[in-house]
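K.L.:
Below you'll find coords-v2.cif; it's mmCIF, C-alpha atoms.
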```
data_my_file
#
loop_
_atom_site.label_atom_id
_atom_site.label_comp_id
_atom_site.auth_asym_id
_atom_site.auth_seq_id
_atom_site.Cartn_x
_atom_site.Cartn_y
_atom_site.Cartn_z
CA MET R 892 78.58 70.72 92.65
CA ASN R 893 76.19 73.63 92.26
CA VAL R 894 77.23 77.21 92.79
CA ALA R 895 74.62 79.24 94.65
CA LYS R 896 76.32 82.55 95.18
CA SER R 897 79.63 84.12 94.32
CA ALA R 898 81.83 87.15 94.94
CA ILE R 899 85.21 88.36 93.74
CA VAL R 900 87.74 90.31 95.77
CA ALA R 901 90.84 91.75 94.11
CA VAL R 902 93.96 91.77 96.28
CA ALA R 903 96.45 94.53 95.54
CA ASN R 904 97.36 95.79 99.02
CA GLU R 905 97.17 94.94 102.72
CA ALA R 906 93.75 96.53 103.17
CA ASP R 907 92.42 94.14 100.51
CA VAL R 908 93.46 91.18 102.68
CA VAL R 909 91.14 92.59 105.35
CA LYS R 910 88.39 92.79 102.70
CA VAL R 911 88.97 89.12 101.84
CA ARG R 912 88.52 88.21 105.51
CA GLN R 913 85.30 90.22 105.71
CA ALA R 914 83.87 88.74 102.50
CA VAL R 915 84.68 85.20 103.65
CA ARG R 916 83.12 85.91 107.04
CA ALA R 917 79.92 87.18 105.38
CA LEU R 918 79.51 84.02 103.27
CA ALA R 919 80.43 81.77 106.20
CA LEU R 920 77.65 83.40 108.20
CA GLU R 921 75.27 82.94 105.32
CA ILE R 922 75.77 79.18 105.18
CA LYS R 923 75.57 79.14 109.00
CA LEU R 924 79.01 77.75 109.76
CA SER R 925 79.67 77.37 113.48
CA LEU R 926 81.73 80.13 115.10
CA VAL R 927 84.81 77.89 115.27
CA ASP R 928 84.47 76.91 111.60
CA GLN R 929 83.94 80.55 110.61
CA THR R 930 87.09 81.50 112.48
CA LYS R 931 89.04 78.67 110.85
CA VAL R 932 88.02 79.49 107.28
CA VAL R 933 88.54 83.24 107.77
CA THR R 934 91.99 82.58 109.22
CA ALA R 935 92.88 80.26 106.32
CA ALA R 936 91.68 82.94 103.87
CA SER R 937 93.79 85.54 105.63
CA GLU R 938 96.93 83.42 105.25
CA LEU R 939 96.25 82.67 101.58
CA GLY R 940 95.22 86.26 100.81
CA ARG R 941 98.48 87.49 102.27
CA ASN R 942 100.39 84.93 100.18
CA LEU R 943 98.80 86.42 97.04
CA LEU R 944 100.27 89.75 97.99
CA ILE R 945 103.71 88.69 99.22
CA TYR R 946 104.53 85.89 96.77
CA GLY R 947 102.18 86.46 93.86
CA GLY R 948 102.44 90.23 93.58
CA GLY R 949 98.67 90.51 94.04
CA GLY R 950 95.82 88.50 92.62
CA GLU R 951 92.20 87.78 93.19
CA VAL R 952 89.94 85.67 95.32
CA HIS R 953 86.77 84.04 94.00
CA LEU R 954 84.31 83.12 96.70
CA GLU R 955 81.39 80.79 96.17
CA VAL R 956 78.71 79.09 98.15
CA VAL R 957 78.66 75.56 96.75
CA GLN R 958 76.16 72.77 97.23
CA GLN R 959 76.82 69.08 97.06
CA GLY R 960 73.81 66.94 97.75
CA LEU R 961 72.31 68.33 100.93
CA ARG R 962 75.36 70.10 102.24
CA ASN R 963 76.51 73.65 101.72
CA GLY R 964 80.09 74.74 101.60
CA LEU R 965 82.21 77.79 101.13
CA ARG R 966 84.76 77.59 98.34
CA ALA R 967 87.51 80.16 97.94
CA VAL R 968 89.91 80.21 95.01
CA PHE R 969 93.09 82.31 95.37
CA THR R 970 94.73 83.09 92.04
CA ASP R 971 97.90 84.99 91.27
CA HIS R 972 100.10 85.34 88.21
CA GLY R 973 103.33 85.42 90.14
CA PRO R 974 106.43 83.27 89.64
CA GLY R 975 104.78 80.09 90.93
CA ILE R 976 106.04 77.74 93.62
CA ALA R 977 109.08 75.69 92.63
CA ASP R 978 108.67 72.95 95.23
CA ILE R 979 105.10 72.66 96.53
CA GLN R 980 105.88 69.89 99.02
CA GLN R 981 108.56 72.02 100.60
CA ALA R 982 106.30 75.10 100.62
CA MET R 983 103.59 73.13 102.45
CA LYS R 984 105.94 72.20 105.28
CA ASP R 985 105.55 74.02 108.57
CA GLY R 986 108.45 76.30 109.21
CA TYR R 987 109.52 76.64 105.59
CA THR R 988 109.39 80.16 104.20
CA SER R 989 110.95 81.95 101.28
CA GLY R 990 109.47 85.29 102.27
CA GLY R 991 110.52 85.97 105.85
CA GLY R 992 107.25 84.82 107.44
CA MET R 993 106.76 82.03 109.93
CA GLY R 994 106.17 79.39 107.32
CA LEU R 995 102.77 78.45 108.70
CA GLY R 996 100.57 79.92 105.97
CA LEU R 997 100.08 77.09 103.48
CA GLY R 998 100.36 74.11 105.82
CA GLY R 999 98.32 75.90 108.47
CA ALA R 1000 95.60 76.91 106.00
CA ARG R 1001 95.32 73.31 104.83
CA ARG R 1002 94.70 72.11 108.39
CA LEU R 1003 91.91 74.65 108.87
CA VAL R 1004 89.72 73.59 105.93
CA ASN R 1005 88.15 70.39 104.59
CA GLU R 1006 89.50 70.47 101.07
CA PHE R 1007 92.70 72.02 99.83
CA GLU R 1008 94.20 72.00 96.36
CA ILE R 1009 97.20 73.83 95.01
CA VAL R 1010 98.23 74.18 91.38
CA SER R 1011 101.32 76.16 90.52
CA ASN R 1012 103.70 76.67 87.64
CA ALA R 1013 106.04 79.34 86.38
CA THR R 1014 103.86 80.39 83.44
CA ASP R 1015 100.42 80.77 85.02
CA GLY R 1016 101.27 81.45 88.63
CA THR R 1017 99.59 79.82 91.60
CA ARG R 1018 96.01 78.81 92.33
CA VAL R 1019 94.94 77.57 95.73
CA THR R 1020 91.39 76.25 96.23
CA ILE R 1021 89.90 75.62 99.64
CA ILE R 1022 86.47 74.36 100.70
CA LYS R 1023 84.94 74.42 104.14
CA TRP R 1024 81.82 72.25 104.37
CA ARG R 1025 79.06 72.94 106.77
CA MET L 246 91.19 103.60 107.45
CA GLN L 247 92.42 103.97 111.02
CA ASP L 248 96.19 104.20 111.07
CA LYS L 249 97.00 103.97 114.75
CA ILE L 250 95.93 101.88 117.72
CA PRO L 251 95.78 103.95 120.92
CA ILE L 252 98.07 103.09 123.82
CA LEU L 253 96.87 104.11 127.29
CA GLN L 254 99.15 104.57 130.25
CA ILE L 255 97.90 103.63 133.72
CA GLU L 256 100.62 104.27 136.29
CA ASP L 257 103.53 102.11 135.14
CA LEU L 258 101.45 99.92 132.84
CA LEU L 259 100.56 100.34 129.18
CA LEU L 260 97.15 99.20 128.02
CA VAL L 261 96.19 98.41 124.44
CA SER L 262 92.80 97.25 123.28
CA ILE L 263 92.74 96.17 119.65
CA GLN L 264 89.27 97.00 118.37
CA VAL L 265 89.78 96.92 114.61
CA ASP L 266 90.43 94.29 112.00
CA MET L 267 94.15 95.05 111.65
CA HIS L 268 95.92 95.01 108.34
CA ASP L 269 99.55 93.97 108.52
CA ARG L 270 101.10 97.43 108.51
CA LEU L 271 98.86 98.54 111.35
CA ALA L 272 100.05 95.58 113.40
CA LEU L 273 103.68 96.48 112.71
CA GLN L 274 102.94 100.09 113.60
CA LEU L 275 101.56 98.95 116.96
CA GLN L 276 104.71 96.90 117.54
CA ASP L 277 106.90 99.97 116.92
CA ASP L 278 104.69 102.34 118.92
CA LEU L 279 104.57 100.05 121.94
CA THR L 280 108.31 99.52 121.96
CA SER L 281 109.00 103.27 121.87
CA LYS L 282 106.34 103.93 124.48
CA ILE L 283 107.82 101.38 126.89
CA SER L 284 111.18 103.10 126.84
CA GLU L 285 109.62 106.59 126.88
CA THR L 286 107.43 105.93 129.93
CA ASN L 287 109.60 103.37 131.76
CA ALA L 288 106.57 101.09 131.78
CA ARG L 289 106.96 97.84 133.69
CA GLY L 290 104.10 96.02 132.07
CA VAL L 291 102.05 95.84 128.86
CA LEU L 292 98.51 94.52 128.72
CA ILE L 293 97.06 93.73 125.29
CA ASP L 294 93.33 93.11 125.10
CA ILE L 295 92.40 91.07 122.02
CA SER L 296 88.82 90.25 123.01
CA SER L 297 87.51 92.08 119.93
CA LEU L 298 89.81 90.23 117.53
CA GLU L 299 87.85 87.73 115.46
CA ILE L 300 90.95 86.05 114.11
CA VAL L 301 94.64 85.83 114.90
CA ASP L 302 96.56 84.55 111.91
CA SER L 303 100.27 83.76 111.70
CA PHE L 304 101.19 87.38 111.02
CA ILE L 305 99.31 88.87 113.95
CA GLY L 306 100.53 85.97 116.09
CA ARG L 307 104.09 86.81 115.15
CA VAL L 308 103.58 90.48 115.99
CA ILE L 309 102.19 89.54 119.42
CA GLY L 310 105.22 87.32 119.99
CA ASN L 311 107.57 90.11 118.89
CA ILE L 312 105.94 92.66 121.19
CA SER L 313 106.33 90.30 124.11
CA ALA L 314 109.99 89.62 123.28
CA MET L 315 110.85 93.30 122.75
CA ALA L 316 109.10 94.27 125.99
CA ARG L 317 111.09 91.63 127.84
CA VAL L 318 114.35 93.04 126.53
CA LEU L 319 113.19 96.46 127.79
CA ASP L 320 112.43 94.99 131.23
CA ALA L 321 108.65 95.06 130.85
CA LYS L 322 106.23 92.17 131.13
CA THR L 323 103.47 91.48 128.60
CA VAL L 324 100.13 89.79 129.13
CA VAL L 325 97.66 89.13 126.32
CA VAL L 326 94.08 88.94 127.56
CA GLY L 327 90.62 88.06 126.31
CA MET L 328 91.33 85.69 123.46
CA GLN L 329 88.07 84.27 122.12
CA PRO L 330 87.81 80.46 122.43
CA ALA L 331 87.30 80.02 118.67
CA VAL L 332 90.46 82.04 118.06
CA ALA L 333 92.43 79.89 120.51
CA ILE L 334 91.25 76.67 118.82
CA THR L 335 92.14 78.02 115.39
CA LEU L 336 95.56 79.29 116.48
CA VAL L 337 96.64 75.93 117.81
CA GLU L 338 95.41 74.14 114.70
CA LEU L 339 97.22 76.66 112.56
CA GLY L 340 100.38 75.68 114.41
CA LEU L 341 100.93 78.79 116.51
CA THR L 342 101.29 78.22 120.23
CA LEU L 343 102.47 81.73 121.19
CA ASP L 344 105.38 80.34 123.20
CA GLY L 345 106.73 82.82 125.68
CA VAL L 346 103.59 84.97 125.58
CA HIS L 347 101.69 85.21 128.85
CA THR L 348 97.91 85.14 128.65
CA ALA L 349 95.04 85.78 131.02
CA LEU L 350 91.31 85.34 130.59
CA ASN L 351 90.34 88.98 131.06
CA VAL L 352 91.66 92.44 131.80
CA SER L 353 91.39 92.27 135.59
CA ARG L 354 93.19 88.95 135.79
CA GLY L 355 95.82 90.29 133.42
CA MET L 356 96.32 93.39 135.59
CA ALA L 357 96.58 91.21 138.69
CA LEU L 358 99.21 89.09 136.95
CA LEU L 359 101.26 92.15 135.97
CA ARG L 360 101.06 93.48 139.54
CA ARG L 361 102.37 90.30 141.08
CA ASN L 362 105.91 90.72 142.33
CA ASP L 363 106.94 87.19 141.55
CA PHE L 364 105.70 87.36 137.96
CA THR L 365 108.62 87.23 135.58
CA GLN L 366 109.01 86.25 131.99
#
```
Translate this structure into structure tokens?

P.N.:
Amino acid sequence: MNVAKSAIVAVANEADVVKVRQAVRALALEIKLSLVDQTKVVTAASELGRNLLIYGGGGEVHLEVVQQGLRNGLRAVFTDHGPGIADIQQAMKDGYTSGGGMGLGLGGARRLVNEFEIVSNATDGTRVTIIKWR
Amino acid sequence: MQDKIPILQIEDLLLVSIQVDMHDRLALQLQDDLTSKISETNARGVLIDISSLEIVDSFIGRVIGNISAMARVLDAKTVVVGMQPAVAITLVELGLTLDGVHTALNVSRGMALLRRNDFTQ
């Protein structure tokens, strides 16, 4: 996979989550995602960006335009150095929350993108990678 | 950064048009402001125009649900109008169905709904 363009957004407060949404929207427009796909990937990024803040104590988002063969995609990597997720399967379930939310963030975000990967442990924190292909 | 969303009063209705990309605290602020305003003005209905919102994620969805529930407890009806089709598709896929929240396609239909005598929630 080639990386054509990249951006980094640090997330330390609620206004930064808005910046993540805007940065994702800009790249989604650049690779000409349809309006529905733009909306889906921006919504997924909003959920994951908020998770960085609430569960990870802040973190950063790396955004990239990636190319595989003839197709373009938008990859976003959400990294925090928080306490990690003890039970990922449980955290992915709709309705499960440890933070007082609705419990739709992780599972919902996964449904809105094409590729979703989550790596988490107590030492390094949590890293969620999503890709939306055009 | 804007720190308040204006609430307009038209007779016994309150009208809110969300025109900014809301961060979470701003959404909570709106929830508080609307609830106080309903009791202050004895409003019978609340119309929330979200036609400028490019996304509704689980947090904003929850705030909309809360506003509707709080208004109901205060004897006011809530209608959310103008949701963009792409937002509606995304919301349902995300898993949010906004149960208990009344919607209408646009402001005039929403007003008509709030004015109907047999409209209850």

K.L.:
Check which residues of chain R sit at most 7 Å from chain L using all atoms listed in the file, and return one row each with the closest pair of atoms and their distance in Å to one decimal, ordered by chain and rising number, as a tab-separated table.

P.N.:
```
residue	atom	partner	partner_atom	distance
R:Glu905	CA	L:His268	CA	5.8
R:Ala906	CA	L:His268	CA	5.8
R:Val909	CA	L:His268	CA	6.1
R:Leu926	CA	L:Ala331	CA	6.6
R:Val927	CA	L:Ala331	CA	4.7
R:Thr930	CA	L:Ile300	CA	6.2
R:Lys931	CA	L:Thr335	CA	5.5
R:Thr934	CA	L:Asp302	CA	5.7
R:Ser937	CA	L:Asp302	CA	6.9
R:Glu938	CA	L:Asp302	CA	6.8
R:Met993	CA	L:Ser303	CA	6.9
R:Leu995	CA	L:Ser303	CA	6.6
R:Gly996	CA	L:Ser303	CA	6.9
R:Gly999	CA	L:Leu339	CA	4.3
R:Ala1000	CA	L:Leu339	CA	6.8
R:Arg1002	CA	L:Glu338	CA	6.7
R:Leu1003	CA	L:Leu339	CA	6.8
```

K.L.:
What is the CA of Leu939 (chain R) to CA of Gln981 (chain R) distance in Å?

P.N.:
16.3 Å

K.L.:
Could you put an axis-aligned box around every listed atom of region 308-321 of chain L, padded by 8 Å on each side, and send me its centre and edge lengths in Å to one decimal, as JSON?

P.N.:
```
{"center_x": 108.3, "center_y": 91.9, "center_z": 123.6, "size_x": 28.2, "size_y": 25.1, "size_z": 31.2}
```

K.L.:
Identify all residues satisfying the PyMOL selection byres ((chain R and resi 892) around 12) in the given file; provide them as number ranges by chain.

P.N.:
R: 893-895, 955-966, 1022

K.L.:
Name the residues that the PyMOL selection byres ((chain L and resi 348) around 12) pulls out of this structure, and write them as an NGL selection string.

P.N.:
:L and (291-296 or 309-310 or 313 or 322-329 or 333 or 342-347 or 349-359 or 366)

K.L.:
So how many Å separate CA of Ile945 (chain R) and CA of Thr1014 (chain R), to one decimal?

P.N.:
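One can read the CA of Ile945 (chain R) to CA of Thr1014 (chain R) distance as 17.8 Å.
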
K.L.:
List the residues matched by the PyMOL selection byres ((chain L and resi 279) around 9) in the displayed structure as an mmCIF file with C-alpha atoms, in the frame of the given file, ordered by chain and then by residue number.

P.N.:
```cif
data_model
loop_
_atom_site.group_PDB
_atom_site.id
_atom_site.type_symbol
_atom_site.label_atom_id
_atom_site.label_comp_id
_atom_site.auth_asym_id
_atom_site.auth_seq_id
_atom_site.Cartn_x
_atom_site.Cartn_y
_atom_site.Cartn_z
ATOM 1 C CA ILE L 252 98.070 103.090 123.820
ATOM 2 C CA LEU L 259 100.560 100.340 129.180
ATOM 3 C CA VAL L 261 96.190 98.410 124.440
ATOM 4 C CA GLN L 274 102.940 100.090 113.600
ATOM 5 C CA LEU L 275 101.560 98.950 116.960
ATOM 6 C CA GLN L 276 104.710 96.900 117.540
ATOM 7 C CA ASP L 277 106.900 99.970 116.920
ATOM 8 C CA ASP L 278 104.690 102.340 118.920
ATOM 9 C CA THR L 280 108.310 99.520 121.960
ATOM 10 C CA SER L 281 109.000 103.270 121.870
ATOM 11 C CA LYS L 282 106.340 103.930 124.480
ATOM 12 C CA ILE L 283 107.820 101.380 126.890
ATOM 13 C CA SER L 284 111.180 103.100 126.840
ATOM 14 C CA VAL L 291 102.050 95.840 128.860
ATOM 15 C CA ILE L 312 105.940 92.660 121.190
ATOM 16 C CA ALA L 316 109.100 94.270 125.990
#
```

K.L.:
Could you tell me how far CA of Ala914 (chain R) lies from CA of Ile899 (chain R), in Å and to one decimal?

P.N.:
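Result for CA of Ala914 (chain R) versus CA of Ile899 (chain R): 8.9 Å, one decimal.
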